[in-house]
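Asks: One structure, as structure tokens, below. Some questions next.
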Amino acid sequence: MGHPSPISPQVPPGAVPPRSIGDVGWPGPYGIWTGVPPPAPPKVTLRPTPLVVAPGAVAELRCETSAYFPLDVGVRWQRRAGPSGPPLALEDTVTQTWTSGHRQGPDGTFSRSSGARLVPAQPHHHGDIYTCLVTHAALATPRRVHVRLEVAGAEGPGLEDAVGLFLVAFVLCGLWRWLRPPCE
């Protein structure tokens with residue numbers, strides 16, 4: 001009697017068991033078992049953020065979709081020239097895309113990963129916006145998550161560089177005044 005029968009559902013500790021052996025489900029609000037989890041839109045994260053790449057270096061983007069139900073989720077990649085620029089051909093800068101299989105969590109929701117490997121970065125790629133576009137039955141409109149490609153050194157000197165040069169000049173001027181002989 002201590003062993004569960006092979007057809008009886010496993011009930012997590014503290015949860016209310018299904019009403020009969022044929023009932024299958026997930027714990028819903030307040031531990032009440034339901035037939036299926038309620039529809040849940042995917043949570044979407046895009047990495048790396050920020051996307052800073054040295055000239056000639058290869059980067060890989062990873063879009064994680066998680067905590068969604070039902071199973072089907074669509075993930076597409078898009079590219080555009082800057083925040084308000086025109087759409088650009090993805091094939092010019094992406095060498096490979098991949099999508100993992102669905103993974104099911106203990107709460108009955110699913111997750112999936114998608115990736116895009118970029119060509120070696122060039123200065124003219126600086127400012128391109130990559131978007132992970134996710135569609136799902138629980139979303140009224142597709143969810144878009146963006147990242148801007150920054151090619152190191154492509155923008156030239158910035159405000160930090162100017163402040164640094166000013167501080168170096170200030171210190172050198174002070175040293176020169178301190179070290180020079182006094183005028184008589």
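Order determines the names: the first chain of the structure tokens is A, the second B, and so forth; residues in each chain are numbered 1 upward, and ligands are numbered 1 upward as they are shown.
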Do you know which residues are at most 7 Å from region 89-94 of chain A counting only C-alpha atoms, after dropping those on the same chain fewer than 5 positions away, and could you put them as a VMD selection string?

Replies: chain A and resid 78 to 79 116 to 119

Asks: Find the residues around Thr49 (chain A) up to 12 Å (only C-alpha atoms counted), leave out those fewer than 4 positions away in its own chain, and share them as an MDAnalysis selection string.

Replies: chainID A and resid 45 53 59:63 129:130 145:150

Asks: For the selection you just gave me, I'd like the residues written to a file as a tab-separated table (two decimals), in the first residue's frame, keeping N, CA and C atoms.

Replies:
chain	number	residue	atom	x	y	z
A	45	THR	N	13.59	37.91	-23.35
A	45	THR	CA	14.83	38.61	-23.05
A	45	THR	C	15.80	38.41	-24.21
A	53	VAL	N	30.89	45.30	-29.88
A	53	VAL	CA	31.75	44.33	-30.55
A	53	VAL	C	32.97	45.05	-31.12
A	59	ALA	N	29.76	38.12	-33.08
A	59	ALA	CA	28.88	38.13	-31.92
A	59	ALA	C	27.72	37.17	-32.16
A	60	GLU	N	27.13	36.70	-31.06
A	60	GLU	CA	25.94	35.86	-31.17
A	60	GLU	C	24.85	36.43	-30.28
A	61	LEU	N	23.68	36.62	-30.86
A	61	LEU	CA	22.52	37.11	-30.13
A	61	LEU	C	21.72	35.90	-29.65
A	62	ARG	N	21.10	36.05	-28.49
A	62	ARG	CA	20.28	34.96	-27.95
A	62	ARG	C	18.98	35.54	-27.42
A	63	CYS	N	17.86	35.05	-27.95
A	63	CYS	CA	16.53	35.49	-27.55
A	63	CYS	C	15.89	34.36	-26.76
A	129	ILE	N	20.09	47.92	-35.68
A	129	ILE	CA	19.20	47.45	-34.63
A	129	ILE	C	18.75	46.03	-34.97
A	130	TYR	N	18.98	45.10	-34.05
A	130	TYR	CA	18.53	43.72	-34.22
A	130	TYR	C	17.32	43.52	-33.31
A	145	VAL	N	11.77	42.83	-28.97
A	145	VAL	CA	12.84	43.23	-28.06
A	145	VAL	C	14.03	43.57	-28.95
A	146	HIS	N	14.66	44.75	-28.70
A	146	HIS	CA	15.71	45.27	-29.58
A	146	HIS	C	17.05	45.35	-28.87
A	147	VAL	N	18.10	45.32	-29.68
A	147	VAL	CA	19.44	45.63	-29.20
A	147	VAL	C	20.16	46.36	-30.34
A	148	ARG	N	20.96	47.36	-29.97
A	148	ARG	CA	21.71	48.17	-30.96
A	148	ARG	C	23.15	47.68	-30.98
A	149	LEU	N	23.65	47.41	-32.20
A	149	LEU	CA	25.03	46.99	-32.37
A	149	LEU	C	25.95	48.20	-32.29
A	150	GLU	N	26.91	48.14	-31.40
A	150	GLU	CA	27.91	49.20	-31.28
A	150	GLU	C	29.26	48.60	-31.63

Asks: Per DSSP on the backbone, what are the strand (DSSP E or B) residues of region 76-168 of chain A, as a ChimeraX atom specification?

Replies: /A:76-81,87,94-99,103-104,110-118,128-136,143-151

Asks: Go through A:Pro37, A:Gly127, A:Pro182, A:Pro70 one by one, measure the shortest atom-to-atom distance of each to Gly85 (chain A) using only C-alpha atoms, and give the residue with the smallest value.

Replies: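 Smallest separation from Gly85 (chain A) among the options: A:Gly127.
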
Asks: Work out how far CA of Pro142 (chain A) is from CA of Asp107 (chain A), in Å to one decimal.

Replies: 23.8 Å

Asks: May I have the residues within 8 Å of Arg76 (chain A) as a list in words, using only C-alpha atoms and disregarding those fewer than 5 positions away in the same chain?

Replies: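 Surrounding residues, per the criterion: Cys132, Leu133 and Val134 of chain A.
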
Asks: Given the selection you just returned, output its residues as a file containing N, CA, C and O atoms, formatted as a PDB file, in the first residue's frame.

Replies:
ATOM      1  N   CYS A 132      14.309  40.759 -31.902  1.00  0.00           N
ATOM      2  CA  CYS A 132      13.734  39.429 -31.724  1.00  0.00           C
ATOM      3  C   CYS A 132      12.228  39.648 -31.685  1.00  0.00           C
ATOM      4  O   CYS A 132      11.720  40.330 -30.797  1.00  0.00           O
ATOM      5  N   LEU A 133      11.506  39.119 -32.675  1.00  0.00           N
ATOM      6  CA  LEU A 133      10.060  39.309 -32.802  1.00  0.00           C
ATOM      7  C   LEU A 133       9.381  38.002 -32.404  1.00  0.00           C
ATOM      8  O   LEU A 133       9.617  36.960 -33.017  1.00  0.00           O
ATOM      9  N   VAL A 134       8.531  38.058 -31.379  1.00  0.00           N
ATOM     10  CA  VAL A 134       7.902  36.858 -30.824  1.00  0.00           C
ATOM     11  C   VAL A 134       6.395  36.935 -31.010  1.00  0.00           C
ATOM     12  O   VAL A 134       5.771  37.952 -30.676  1.00  0.00           O
TER      13      VAL A 134
END

Asks: Compile the contact shell of Ser111 (chain A) as a compact mmCIF listing (two decimals) with N, CA, C and O atoms, in the first residue's frame: residues with an atom at most 7 Å away, counting only C-alpha atoms, same-chain residues fewer than 3 positions apart removed.

Replies:
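Okay, result27.txt is ready:
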# COMPACT_ATOMS: atom_id res chain seq x y z
N THR A 65 12.64 32.98 -24.76
CA THR A 65 11.21 33.10 -24.51
C THR A 65 10.88 32.11 -23.40
O THR A 65 11.30 30.95 -23.46
N SER A 66 10.15 32.56 -22.38
CA SER A 66 9.88 31.67 -21.25
C SER A 66 8.51 31.93 -20.66
O SER A 66 7.88 32.97 -20.92
N ALA A 67 8.05 30.97 -19.86
CA ALA A 67 6.81 31.06 -19.09
C ALA A 67 5.57 31.25 -19.95
O ALA A 67 4.65 31.95 -19.58
N TYR A 68 5.52 30.60 -21.13
CA TYR A 68 4.34 30.75 -22.00
C TYR A 68 3.55 29.45 -22.07
O TYR A 68 4.06 28.36 -21.86
N HIS A 102 11.29 22.96 -27.43
CA HIS A 102 10.53 23.49 -26.29
C HIS A 102 10.97 22.76 -25.02
O HIS A 102 11.22 21.57 -25.03
N ARG A 103 11.04 23.51 -23.92
CA ARG A 103 11.31 22.92 -22.61
C ARG A 103 10.10 23.22 -21.73
O ARG A 103 9.61 24.33 -21.73
N GLN A 104 9.64 22.21 -21.00
CA GLN A 104 8.48 22.41 -20.13
C GLN A 104 8.92 22.52 -18.68
O GLN A 104 9.70 21.71 -18.19
